[in-house]
Amino acid sequence: MKKLTVLLLIVFVAGCKTKNDEPEPKYALEYVGEYWTNTVNGNNSTVQTWVVTSENNKLYIEYTIDYTFRNQGKVITSKEVYTLTDIPVDNPKTFKIDQVAELVEDGVKKSRRIQAEATKDVKPDGTEYIGTTINFPDPNTGASTSTDYLEFKRR
């Protein structure tokens with residue numbers, strides 16, 4: 001009877017042991033690359049790029065916006081570069097951004113909150129893109145500005 005009890009105890013302990021031999025999926029690798037989009041509103045335009053890298057299943061995005069304003073024959077340009085870090089990726093199709101990013105605006109360092117939900121998809125012609133609307137909430141006023149829906153196409 002003691003042998004049977006010991007045997008059952010061994011079987012029970014072996015059965016309770018969790019198996020975690022499968023590696024965690026590295027979804028962030030699905031997004032690595034360079035993406036771009038541009039918008040035009042009258043005489044004003046933007047060229048926007050995302051350079052996406054990953055480490056430890058997290059995304060790092062350098063988000064650049066080059067503005068061009070045309071008014072009465074004059075052309076004014078401006079540039080913003082956001083550094084987004086440690087963006088968690090839990091699935092191969094979507095990720096969320098919600099952080100205070102480092103911003104360099106025309107050479108001046110600042111910080112700004114960015115929020116977005118991004119979805120990766122493929123057009124019928126095979127073009128990969130990440131679709132999103134980016135929000136820039138102002139913590140001081142509670143107001144928020146946002147982009148129109150953007151499709152960042154893979155280069």
# chains A, B, ... in the order shown; residues from 1 in each chain; ligands from 1
$ residues_around --residues "Val81 (chain A)" --least-positions-apart "4" --cutoff "12 Å" --atoms "only C-alpha atoms" --output "list in words"
Val47, Gln48, Thr49, Trp50, Val51, Ile61, Glu62, Tyr63, Thr64, Ile65, Asp66, Tyr67, Ala101, Glu102, Leu103, Val104, Glu105, Asp106, Gly107, Val108, Lys109, Lys110, Ser111 and Arg112 of chain A
$ residues_around --residues "Ser54 (chain A)" --least-positions-apart "3" --cutoff "8 Å" --atoms "only C-alpha atoms" --output "list in words"
Ala28, Leu29, Val32, Asn57, Lys58, Leu59 and Tyr60 of chain A
$ select_by_dssp --residues "region 24-113 of chain A" --states "strand (DSSP E)" --output "PDB file with N, CA and C atoms, in the first residue's frame"
ATOM      1  N   GLY A  33      10.695  47.613 -39.910  1.00  0.00           N
ATOM      2  CA  GLY A  33      10.869  48.164 -41.254  1.00  0.00           C
ATOM      3  C   GLY A  33      10.642  49.658 -41.265  1.00  0.00           C
ATOM      4  N   GLU A  34      10.597  50.210 -42.475  1.00  0.00           N
ATOM      5  CA  GLU A  34      10.351  51.634 -42.623  1.00  0.00           C
ATOM      6  C   GLU A  34       9.020  51.823 -43.330  1.00  0.00           C
ATOM      7  N   TYR A  35       8.215  52.755 -42.805  1.00  0.00           N
ATOM      8  CA  TYR A  35       6.888  53.034 -43.324  1.00  0.00           C
ATOM      9  C   TYR A  35       6.775  54.535 -43.591  1.00  0.00           C
ATOM     10  N   TRP A  36       5.938  54.919 -44.525  1.00  0.00           N
ATOM     11  CA  TRP A  36       5.779  56.335 -44.850  1.00  0.00           C
ATOM     12  C   TRP A  36       4.343  56.639 -45.271  1.00  0.00           C
ATOM     13  N   THR A  37       3.979  57.905 -45.156  1.00  0.00           N
ATOM     14  CA  THR A  37       2.711  58.414 -45.669  1.00  0.00           C
ATOM     15  C   THR A  37       2.880  59.908 -45.876  1.00  0.00           C
ATOM     16  N   ASN A  38       2.023  60.480 -46.709  1.00  0.00           N
ATOM     17  CA  ASN A  38       2.015  61.935 -46.835  1.00  0.00           C
ATOM     18  C   ASN A  38       0.583  62.410 -46.911  1.00  0.00           C
ATOM     19  N   THR A  39       0.380  63.645 -46.489  1.00  0.00           N
ATOM     20  CA  THR A  39      -0.948  64.251 -46.525  1.00  0.00           C
ATOM     21  C   THR A  39      -0.827  65.623 -47.167  1.00  0.00           C
ATOM     22  N   VAL A  40      -1.915  66.039 -47.807  1.00  0.00           N
ATOM     23  CA  VAL A  40      -1.959  67.358 -48.428  1.00  0.00           C
ATOM     24  C   VAL A  40      -3.270  68.016 -48.027  1.00  0.00           C
ATOM     25  N   ASN A  41      -3.177  69.271 -47.604  1.00  0.00           N
ATOM     26  CA  ASN A  41      -4.356  70.058 -47.239  1.00  0.00           C
ATOM     27  C   ASN A  41      -4.169  71.445 -47.833  1.00  0.00           C
ATOM     28  N   ASN A  44      -0.648  73.164 -47.914  1.00  0.00           N
ATOM     29  CA  ASN A  44       0.185  72.597 -46.856  1.00  0.00           C
ATOM     30  C   ASN A  44       0.286  71.079 -47.029  1.00  0.00           C
ATOM     31  N   SER A  45       1.422  70.535 -46.665  1.00  0.00           N
ATOM     32  CA  SER A  45       1.603  69.082 -46.781  1.00  0.00           C
ATOM     33  C   SER A  45       2.517  68.566 -45.687  1.00  0.00           C
ATOM     34  N   THR A  46       2.426  67.263 -45.457  1.00  0.00           N
ATOM     35  CA  THR A  46       3.340  66.601 -44.530  1.00  0.00           C
ATOM     36  C   THR A  46       3.858  65.327 -45.179  1.00  0.00           C
ATOM     37  N   VAL A  47       5.074  64.994 -44.860  1.00  0.00           N
ATOM     38  CA  VAL A  47       5.650  63.695 -45.183  1.00  0.00           C
ATOM     39  C   VAL A  47       5.980  63.079 -43.837  1.00  0.00           C
ATOM     40  N   GLN A  48       5.414  61.890 -43.567  1.00  0.00           N
ATOM     41  CA  GLN A  48       5.590  61.257 -42.266  1.00  0.00           C
ATOM     42  C   GLN A  48       6.229  59.886 -42.457  1.00  0.00           C
ATOM     43  N   THR A  49       7.203  59.581 -41.623  1.00  0.00           N
ATOM     44  CA  THR A  49       7.858  58.275 -41.693  1.00  0.00           C
ATOM     45  C   THR A  49       7.916  57.651 -40.301  1.00  0.00           C
ATOM     46  N   TRP A  50       7.852  56.332 -40.291  1.00  0.00           N
ATOM     47  CA  TRP A  50       8.100  55.531 -39.093  1.00  0.00           C
ATOM     48  C   TRP A  50       9.255  54.598 -39.412  1.00  0.00           C
ATOM     49  N   VAL A  51      10.314  54.668 -38.631  1.00  0.00           N
ATOM     50  CA  VAL A  51      11.378  53.671 -38.712  1.00  0.00           C
ATOM     51  C   VAL A  51      11.193  52.790 -37.479  1.00  0.00           C
ATOM     52  N   VAL A  52      10.805  51.531 -37.722  1.00  0.00           N
ATOM     53  CA  VAL A  52      10.415  50.621 -36.644  1.00  0.00           C
ATOM     54  C   VAL A  52      11.485  49.569 -36.440  1.00  0.00           C
ATOM     55  N   THR A  53      11.963  49.453 -35.203  1.00  0.00           N
ATOM     56  CA  THR A  53      12.883  48.383 -34.808  1.00  0.00           C
ATOM     57  C   THR A  53      12.263  47.657 -33.619  1.00  0.00           C
ATOM     58  N   SER A  54      12.861  46.528 -33.266  1.00  0.00           N
ATOM     59  CA  SER A  54      12.324  45.797 -32.109  1.00  0.00           C
ATOM     60  C   SER A  54      13.458  45.216 -31.282  1.00  0.00           C
ATOM     61  N   GLU A  55      13.137  45.003 -30.009  1.00  0.00           N
ATOM     62  CA  GLU A  55      14.047  44.342 -29.074  1.00  0.00           C
ATOM     63  C   GLU A  55      13.191  43.767 -27.955  1.00  0.00           C
ATOM     64  N   LYS A  58       9.402  44.181 -28.080  1.00  0.00           N
ATOM     65  CA  LYS A  58       8.863  45.536 -27.930  1.00  0.00           C
ATOM     66  C   LYS A  58       9.312  46.356 -29.130  1.00  0.00           C
ATOM     67  N   LEU A  59       8.476  47.310 -29.504  1.00  0.00           N
ATOM     68  CA  LEU A  59       8.776  48.162 -30.649  1.00  0.00           C
ATOM     69  C   LEU A  59       9.435  49.467 -30.211  1.00  0.00           C
ATOM     70  N   TYR A  60      10.265  49.967 -31.092  1.00  0.00           N
ATOM     71  CA  TYR A  60      10.891  51.269 -30.956  1.00  0.00           C
ATOM     72  C   TYR A  60      10.649  51.982 -32.284  1.00  0.00           C
ATOM     73  N   ILE A  61      10.019  53.155 -32.227  1.00  0.00           N
ATOM     74  CA  ILE A  61       9.644  53.856 -33.447  1.00  0.00           C
ATOM     75  C   ILE A  61      10.229  55.258 -33.435  1.00  0.00           C
ATOM     76  N   GLU A  62      10.929  55.595 -34.501  1.00  0.00           N
ATOM     77  CA  GLU A  62      11.335  56.978 -34.718  1.00  0.00           C
ATOM     78  C   GLU A  62      10.326  57.542 -35.714  1.00  0.00           C
ATOM     79  N   TYR A  63       9.494  58.441 -35.236  1.00  0.00           N
ATOM     80  CA  TYR A  63       8.380  59.000 -36.001  1.00  0.00           C
ATOM     81  C   TYR A  63       8.746  60.417 -36.405  1.00  0.00           C
ATOM     82  N   THR A  64       8.887  60.648 -37.712  1.00  0.00           N
ATOM     83  CA  THR A  64       9.290  61.954 -38.224  1.00  0.00           C
ATOM     84  C   THR A  64       8.154  62.573 -39.028  1.00  0.00           C
ATOM     85  N   ILE A  65       7.880  63.844 -38.768  1.00  0.00           N
ATOM     86  CA  ILE A  65       6.893  64.603 -39.535  1.00  0.00           C
ATOM     87  C   ILE A  65       7.616  65.813 -40.133  1.00  0.00           C
ATOM     88  N   ASP A  66       7.645  65.880 -41.457  1.00  0.00           N
ATOM     89  CA  ASP A  66       8.198  67.031 -42.167  1.00  0.00           C
ATOM     90  C   ASP A  66       7.032  67.840 -42.714  1.00  0.00           C
ATOM     91  N   TYR A  67       6.869  69.062 -42.216  1.00  0.00           N
ATOM     92  CA  TYR A  67       5.786  69.946 -42.641  1.00  0.00           C
ATOM     93  C   TYR A  67       6.291  70.905 -43.715  1.00  0.00           C
ATOM     94  N   THR A  68       5.434  71.199 -44.687  1.00  0.00           N
ATOM     95  CA  THR A  68       5.705  72.240 -45.675  1.00  0.00           C
ATOM     96  C   THR A  68       4.468  73.125 -45.756  1.00  0.00           C
ATOM     97  N   PHE A  69       4.657  74.414 -45.468  1.00  0.00           N
ATOM     98  CA  PHE A  69       3.570  75.392 -45.521  1.00  0.00           C
ATOM     99  C   PHE A  69       3.890  76.379 -46.644  1.00  0.00           C
ATOM    100  N   ARG A  70       2.915  76.609 -47.518  1.00  0.00           N
ATOM    101  CA  ARG A  70       3.082  77.572 -48.607  1.00  0.00           C
ATOM    102  C   ARG A  70       2.043  78.681 -48.421  1.00  0.00           C
ATOM    103  N   ASN A  71       2.536  79.918 -48.382  1.00  0.00           N
ATOM    104  CA  ASN A  71       1.630  81.046 -48.197  1.00  0.00           C
ATOM    105  C   ASN A  71       2.201  82.256 -48.924  1.00  0.00           C
ATOM    106  N   LYS A  74       5.698  82.095 -50.331  1.00  0.00           N
ATOM    107  CA  LYS A  74       6.767  81.704 -49.407  1.00  0.00           C
ATOM    108  C   LYS A  74       6.567  80.256 -48.975  1.00  0.00           C
ATOM    109  N   VAL A  75       7.669  79.570 -48.775  1.00  0.00           N
ATOM    110  CA  VAL A  75       7.632  78.182 -48.312  1.00  0.00           C
ATOM    111  C   VAL A  75       8.286  78.126 -46.942  1.00  0.00           C
ATOM    112  N   ILE A  76       7.545  77.606 -45.980  1.00  0.00           N
ATOM    113  CA  ILE A  76       8.061  77.461 -44.611  1.00  0.00           C
ATOM    114  C   ILE A  76       8.057  75.972 -44.288  1.00  0.00           C
ATOM    115  N   THR A  77       9.160  75.481 -43.752  1.00  0.00           N
ATOM    116  CA  THR A  77       9.244  74.063 -43.392  1.00  0.00           C
ATOM    117  C   THR A  77       9.477  73.921 -41.895  1.00  0.00           C
ATOM    118  N   SER A  78       9.057  72.788 -41.377  1.00  0.00           N
ATOM    119  CA  SER A  78       9.233  72.481 -39.963  1.00  0.00           C
ATOM    120  C   SER A  78       9.386  70.966 -39.839  1.00  0.00           C
ATOM    121  N   LYS A  79      10.077  70.538 -38.807  1.00  0.00           N
ATOM    122  CA  LYS A  79      10.324  69.104 -38.635  1.00  0.00           C
ATOM    123  C   LYS A  79      10.156  68.717 -37.174  1.00  0.00           C
ATOM    124  N   GLU A  80       9.422  67.611 -36.952  1.00  0.00           N
ATOM    125  CA  GLU A  80       9.266  67.029 -35.621  1.00  0.00           C
ATOM    126  C   GLU A  80       9.740  65.587 -35.683  1.00  0.00           C
ATOM    127  N   VAL A  81      10.525  65.177 -34.692  1.00  0.00           N
ATOM    128  CA  VAL A  81      10.986  63.793 -34.591  1.00  0.00           C
ATOM    129  C   VAL A  81      10.635  63.287 -33.196  1.00  0.00           C
ATOM    130  N   TYR A  82       9.779  62.256 -33.158  1.00  0.00           N
ATOM    131  CA  TYR A  82       9.352  61.636 -31.905  1.00  0.00           C
ATOM    132  C   TYR A  82      10.108  60.329 -31.728  1.00  0.00           C
ATOM    133  N   THR A  83      10.555  60.062 -30.520  1.00  0.00           N
ATOM    134  CA  THR A  83      11.184  58.789 -30.196  1.00  0.00           C
ATOM    135  C   THR A  83      10.244  58.016 -29.278  1.00  0.00           C
ATOM    136  N   LEU A  84       9.667  56.949 -29.814  1.00  0.00           N
ATOM    137  CA  LEU A  84       8.731  56.106 -29.073  1.00  0.00           C
ATOM    138  C   LEU A  84       9.455  54.831 -28.669  1.00  0.00           C
ATOM    139  N   THR A  85       9.361  54.449 -27.392  1.00  0.00           N
ATOM    140  CA  THR A  85      10.120  53.302 -26.900  1.00  0.00           C
ATOM    141  C   THR A  85       9.239  52.316 -26.142  1.00  0.00           C
ATOM    142  N   ASP A  86       9.730  51.092 -26.050  1.00  0.00           N
ATOM    143  CA  ASP A  86       9.111  50.039 -25.221  1.00  0.00           C
ATOM    144  C   ASP A  86       7.608  49.870 -25.469  1.00  0.00           C
ATOM    145  N   ILE A  87       7.228  49.800 -26.735  1.00  0.00           N
ATOM    146  CA  ILE A  87       5.824  49.601 -27.085  1.00  0.00           C
ATOM    147  C   ILE A  87       5.551  48.104 -27.082  1.00  0.00           C
ATOM    148  N   PRO A  88       4.715  47.604 -26.172  1.00  0.00           N
ATOM    149  CA  PRO A  88       4.467  46.165 -26.101  1.00  0.00           C
ATOM    150  C   PRO A  88       3.641  45.681 -27.298  1.00  0.00           C
ATOM    151  N   THR A  94      -2.004  44.089 -34.194  1.00  0.00           N
ATOM    152  CA  THR A  94      -2.261  45.391 -33.587  1.00  0.00           C
ATOM    153  C   THR A  94      -1.291  45.684 -32.444  1.00  0.00           C
ATOM    154  N   PHE A  95      -1.134  46.963 -32.169  1.00  0.00           N
ATOM    155  CA  PHE A  95      -0.416  47.399 -30.975  1.00  0.00           C
ATOM    156  C   PHE A  95      -0.945  48.769 -30.586  1.00  0.00           C
ATOM    157  N   LYS A  96      -0.699  49.144 -29.335  1.00  0.00           N
ATOM    158  CA  LYS A  96      -1.154  50.435 -28.806  1.00  0.00           C
ATOM    159  C   LYS A  96       0.051  51.262 -28.373  1.00  0.00           C
ATOM    160  N   ILE A  97      -0.068  52.547 -28.605  1.00  0.00           N
ATOM    161  CA  ILE A  97       0.929  53.512 -28.139  1.00  0.00           C
ATOM    162  C   ILE A  97       0.233  54.413 -27.120  1.00  0.00           C
ATOM    163  N   ASP A  98       0.828  54.565 -25.966  1.00  0.00           N
ATOM    164  CA  ASP A  98       0.324  55.489 -24.949  1.00  0.00           C
ATOM    165  C   ASP A  98       1.498  55.860 -24.063  1.00  0.00           C
ATOM    166  N   GLN A  99       2.189  56.924 -24.446  1.00  0.00           N
ATOM    167  CA  GLN A  99       3.374  57.316 -23.695  1.00  0.00           C
ATOM    168  C   GLN A  99       3.726  58.776 -23.938  1.00  0.00           C
ATOM    169  N   VAL A 100       4.554  59.282 -23.054  1.00  0.00           N
ATOM    170  CA  VAL A 100       5.147  60.592 -23.253  1.00  0.00           C
ATOM    171  C   VAL A 100       6.438  60.345 -24.016  1.00  0.00           C
ATOM    172  N   ALA A 101       6.478  60.871 -25.229  1.00  0.00           N
ATOM    173  CA  ALA A 101       7.618  60.622 -26.109  1.00  0.00           C
ATOM    174  C   ALA A 101       8.583  61.801 -26.087  1.00  0.00           C
ATOM    175  N   GLU A 102       9.843  61.484 -26.328  1.00  0.00           N
ATOM    176  CA  GLU A 102      10.821  62.542 -26.528  1.00  0.00           C
ATOM    177  C   GLU A 102      10.553  63.136 -27.903  1.00  0.00           C
ATOM    178  N   LEU A 103      10.536  64.452 -27.980  1.00  0.00           N
ATOM    179  CA  LEU A 103      10.254  65.164 -29.223  1.00  0.00           C
ATOM    180  C   LEU A 103      11.373  66.159 -29.487  1.00  0.00           C
ATOM    181  N   VAL A 104      11.871  66.167 -30.720  1.00  0.00           N
ATOM    182  CA  VAL A 104      12.791  67.206 -31.155  1.00  0.00           C
ATOM    183  C   VAL A 104      12.063  67.971 -32.250  1.00  0.00           C
ATOM    184  N   GLU A 105      11.707  69.222 -31.923  1.00  0.00           N
ATOM    185  CA  GLU A 105      10.949  70.062 -32.854  1.00  0.00           C
ATOM    186  C   GLU A 105      11.851  71.185 -33.342  1.00  0.00           C
ATOM    187  N   VAL A 108      14.773  71.699 -31.139  1.00  0.00           N
ATOM    188  CA  VAL A 108      14.529  71.955 -29.712  1.00  0.00           C
ATOM    189  C   VAL A 108      13.925  70.700 -29.070  1.00  0.00           C
ATOM    190  N   LYS A 109      14.553  70.211 -28.000  1.00  0.00           N
ATOM    191  CA  LYS A 109      14.052  69.020 -27.304  1.00  0.00           C
ATOM    192  C   LYS A 109      12.875  69.368 -26.409  1.00  0.00           C
ATOM    193  N   LYS A 110      11.843  68.522 -26.507  1.00  0.00           N
ATOM    194  CA  LYS A 110      10.635  68.670 -25.705  1.00  0.00           C
ATOM    195  C   LYS A 110      10.126  67.269 -25.384  1.00  0.00           C
ATOM    196  N   SER A 111       8.939  67.204 -24.834  1.00  0.00           N
ATOM    197  CA  SER A 111       8.253  65.925 -24.679  1.00  0.00           C
ATOM    198  C   SER A 111       6.779  66.148 -24.967  1.00  0.00           C
ATOM    199  N   ARG A 112       6.126  65.071 -25.426  1.00  0.00           N
ATOM    200  CA  ARG A 112       4.714  65.182 -25.781  1.00  0.00           C
ATOM    201  C   ARG A 112       4.059  63.814 -25.678  1.00  0.00           C
ATOM    202  N   ARG A 113       2.848  63.786 -25.160  1.00  0.00           N
ATOM    203  CA  ARG A 113       2.104  62.528 -25.038  1.00  0.00           C
ATOM    204  C   ARG A 113       1.555  62.139 -26.404  1.00  0.00           C
TER     205      ARG A 113
END
$ select_by_dssp --residues "chain A" --states "alpha helix (DSSP H)" --output "list in words"
Lys2, Lys3, Leu4, Thr5, Val6, Leu7, Leu8, Leu9, Ile10, Val11, Phe12, Val13, Ala14, Gly15 and Cys16 of chain A
$ atom_distance --atom1 "CA of Pro139 (chain A)" --atom2 "CA of Gln115 (chain A)"
12.4 Å
$ atom_distance --atom1 "CA of Ser144 (chain A)" --atom2 "CA of Ile130 (chain A)"
21.9 Å
$ atom_distance --atom1 "CA of Ala118 (chain A)" --atom2 "CA of Gly131 (chain A)"
5.6 Å
$ residues_around --residues "Tyr129 (chain A)" --least-positions-apart "6" --cutoff "9 Å" --atoms "only C-alpha atoms" --output "list of chain:residue names"
A:Tyr35, A:Trp36, A:Thr119, A:Lys120, A:Asp121, A:Val122, A:Lys123, A:Glu151, A:Phe152, A:Lys153, A:Arg154
$ closest_residue --among "A:Pro23, A:Phe136, A:Asn43, A:Thr147" --to "Ile114 (chain A)" --atoms "only C-alpha atoms"
A:Phe136
$ residues_around --residues "Asp148 (chain A)" --least-positions-apart "4" --cutoff "9 Å" --atoms "only C-alpha atoms" --output "JSON list (two decimals) with N, CA and C atoms, in the first residue's frame"
[["chain", "number", "residue", "atom", "x", "y", "z"],
["A", 132, "THR", "N", -3.60, 53.92, -38.62],
["A", 132, "THR", "CA", -3.79, 54.47, -37.28],
["A", 132, "THR", "C", -4.28, 55.91, -37.34],
["A", 133, "THR", "N", -4.85, 56.36, -36.27],
["A", 133, "THR", "CA", -5.12, 57.77, -36.00],
["A", 133, "THR", "C", -4.33, 58.10, -34.74],
["A", 134, "ILE", "N", -3.52, 59.13, -34.80],
["A", 134, "ILE", "CA", -2.63, 59.47, -33.69],
["A", 134, "ILE", "C", -3.21, 60.65, -32.92]]
